[in-house]
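Worksheet: one structure, shown below.
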Amino acid sequence: MWLDPSRSYDLIGDIHGCAQPLERLLTVLGYKKRAGVWQHAYRQAVFLGDLIDRGPQIRETLHLVHAMVEAGHAHCIMGNHEYYALAWNTPLEQNGESTYVREHSPRHARLQRETLEQFEQHPYDWQDFNQWFLTLPLFIDAERFRAVHACWDDRLINTLRSRFPDGRIDTNFIQQSALSGSFADQTFNRLLRGVNLPLPYGISQIGQDGYRRSSFRTKFWHEDESALTYGDVVFQPDALPEHIAQKPLPEQYLRHINSYDAQQPLLFVGHYWRQGQPSLIRPNLACLDYSAVNGGKLVAYRLGQEQRLLPSNFVWVEARDQGY
């Protein structure tokens, strides 16, 4: 997706229905609401996906961001939660039966509960937003900087570009993702969910969000393949048990981890529920998800014309200030 390289951008992490902190963040960034649309005199916002689920003002968040995008004051990419909504609502014929791409299981329903409840009295509104989700690109490549929700994977993105040059997929691609291991399934899992590796010995953990998982989120980059342990690659707020963290990572798992080296363009991701003071991962890599909906921070990075990311360019508001 092409963006004007001479323009300055404000990249904003996962919102998850925290509309009031988003308005406060936009105010701090110098945006003003004019004719019902938040806008800046010369900057644009870039939202990294996961606008929906979990938070108390999901409809308000979607209307705010959608209005900015439609008026040319922002761009937005797809997060895994927008994909989940599309997959939940996309019908599928399978073995002669009518179903949906995403199974309507209690676990999946729980993950979308707040969104579905907040749109219960607004079905046409929800239908319109799902149509909009389908127009969101899976990545942005503006040459000097890139944005993807969870993981930049050159192989998958280059293949995806051959079919969808601007990163915007279609309903058929959503349906193809129902087949485990298909290119569509790999693309959504990798770009929007990152690298998830299985925990050893068949163990599972209950995360801070109350879900039990038998896998954990990892870094999608590494510099040194020697003597990596599980603890060296974990990238999530839930720590691994110490005896697992110290265990050497099986060699075959290393194939799942990319090498996004220091010479690659600037890259912005969300997704990973970071905590504490916003900081760079590398001079060319920043995660902007700081757990706003769990009482953390809603974070932006103010991008100018710098070639290396600057720690001083992080801007944030405390979401907990208003009970989020």
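For the structure tokens, the naming scheme is as follows: chains receive sequential letters (A, B, ...) according to their order of presentation, residues are indexed from 1 within each chain, and ligands are indexed from 1 in presentation order.
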Legend entry - Surrounding residues of region 206-212 of chain A excluding itself and chain neighbours under 4 positions, 9 Å, only C-alpha atoms, as a VMD selection string: chain A and resid 107 237 to 238 294
Expected file: the selected residues, N, CA and C atoms, as a JSON list (two decimals), in the first residue's frame:
```json
[["chain", "number", "residue", "atom", "x", "y", "z"],
["A", 107, "ARG", "N", -15.87, -20.60, 23.11],
["A", 107, "ARG", "CA", -14.59, -19.89, 23.28],
["A", 107, "ARG", "C", -14.51, -18.70, 22.33],
["A", 237, "PRO", "N", 3.04, -10.89, 27.83],
["A", 237, "PRO", "CA", 3.11, -10.50, 29.24],
["A", 237, "PRO", "C", 3.15, -11.67, 30.21],
["A", 238, "ASP", "N", 2.62, -12.82, 29.82],
["A", 238, "ASP", "CA", 2.61, -13.99, 30.70],
["A", 238, "ASP", "C", 3.97, -14.69, 30.66],
["A", 294, "ASN", "N", -6.48, -3.26, 29.21],
["A", 294, "ASN", "CA", -6.22, -3.86, 30.52],
["A", 294, "ASN", "C", -5.66, -2.84, 31.50]]
```
Using only C-alpha atoms, which residues of region 199-305 of chain A come within 12 Å of region 65-85 of chain A, and what is the closest atom pair for each, with the distance in Å to one decimal? Give it as a tab-separated table, sorted by chain and residue number.
```
residue	atom	partner	partner_atom	distance
A:Phe268	CA	A:Ile77	CA	11.4
A:Val269	CA	A:Gly79	CA	10.0
A:Gly270	CA	A:Gly79	CA	8.5
A:His271	CA	A:Gly79	CA	7.9
A:Tyr272	CA	A:Asn80	CA	11.6
A:Asp289	CA	A:Gly79	CA	11.7
```
Legend entry - Two-atom distance - CA of Ala19 (chain A), CA of Glu117 (chain A) (Å): 16.5 Å
Find the nearest atom pair between each residue of region 173-287 of chain A and region 156-162 of chain A for residues within 12 Å, count only C-alpha atoms, give distances in Å to one decimal, sort rows by chain and ascending number, and present the table as a Markdown table.
```
| residue | atom | partner | partner_atom | distance |
| --- | --- | --- | --- | --- |
| A:Phe173 | CA | A:Leu160 | CA | 10.5 |
| A:Ser182 | CA | A:Leu156 | CA | 11.7 |
| A:Phe183 | CA | A:Leu156 | CA | 8.2 |
| A:Ala184 | CA | A:Leu160 | CA | 8.9 |
| A:Asp185 | CA | A:Leu156 | CA | 10.9 |
| A:Gln186 | CA | A:Leu156 | CA | 8.0 |
| A:Thr187 | CA | A:Leu156 | CA | 6.3 |
| A:Phe188 | CA | A:Leu156 | CA | 9.8 |
| A:Asn189 | CA | A:Leu156 | CA | 10.8 |
| A:Arg190 | CA | A:Leu156 | CA | 8.5 |
| A:Leu191 | CA | A:Leu156 | CA | 8.4 |
| A:Leu192 | CA | A:Ile157 | CA | 11.9 |
| A:Asn258 | CA | A:Leu156 | CA | 11.7 |
```
Inset, instruction - Give me the residues within 12 Å of region 30-32 of chain A as a PyMOL selection string, counting only C-alpha atoms and dropping any in the same chain fewer than 6 places off. - result: chain A and resi 9-10+22-24+38-45+68+73-74+302+315
Inset, instruction - Assign secondary structure with DSSP using the backbone only, and return the residues of region 44-219 of chain A in strand (DSSP E or B) as a PyMOL selection string. - result: chain A and resi 44-47+74-76+91-94+97-100+139-141+145-148+195-198+205-206+212-213+215-218
Legend entry - Of the listed residues A:Asp153, A:Glu93, A:Asp261, A:Asp232, that which approaches Pro248 (chain A) most closely, counting only C-alpha atoms: A:Asp232
Inset, instruction - DSSP on the backbone, then: every residue of region 61-224 of chain A marked helix (DSSP H, G or I), written as a PyMOL selection string. - result: chain A and resi 61-70+80-89+106-111+113-118+123-133+154-163+171-176+183-193+200-202
Restrict the calculation to only C-alpha atoms, then for each residue of region 159-178 of chain A with any atom at most 8 Å from an atom of region 96-101 of chain A give the closest atom pair and their distance in Å to one decimal, rows by chain and rising residue number, as CSV.
```
residue,atom,partner,partner_atom,distance
A:Ile174,CA,A:Val101,CA,7.4
A:Gln175,CA,A:Val101,CA,6.0
A:Ser177,CA,A:Val101,CA,7.4
A:Ala178,CA,A:Val101,CA,5.2
```
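Between Gly295 (chain A) and the candidates A:Lys33, A:Gly55, A:Leu240, A:Arg146, the tightest atom-to-atom separation, counting only C-alpha atoms, involves A:Gly55.
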Legend entry - 6 Å contact set for region 274-288 of chain A, only C-alpha atoms, chain neighbours under 5 positions out, as a list in words: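 Result of the neighbour search: Gly13, Leu266, Leu267, Phe268, Val269, Val299, Arg308 and Leu309 of chain A.
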Legend entry - Closest of A:Leu51, A:Leu92, A:Leu310, A:Leu303 to Leu179 (chain A) - atom-to-atom distances counting only C-alpha atoms: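 Distance minimum relative to Leu179 (chain A) lands on A:Leu92.
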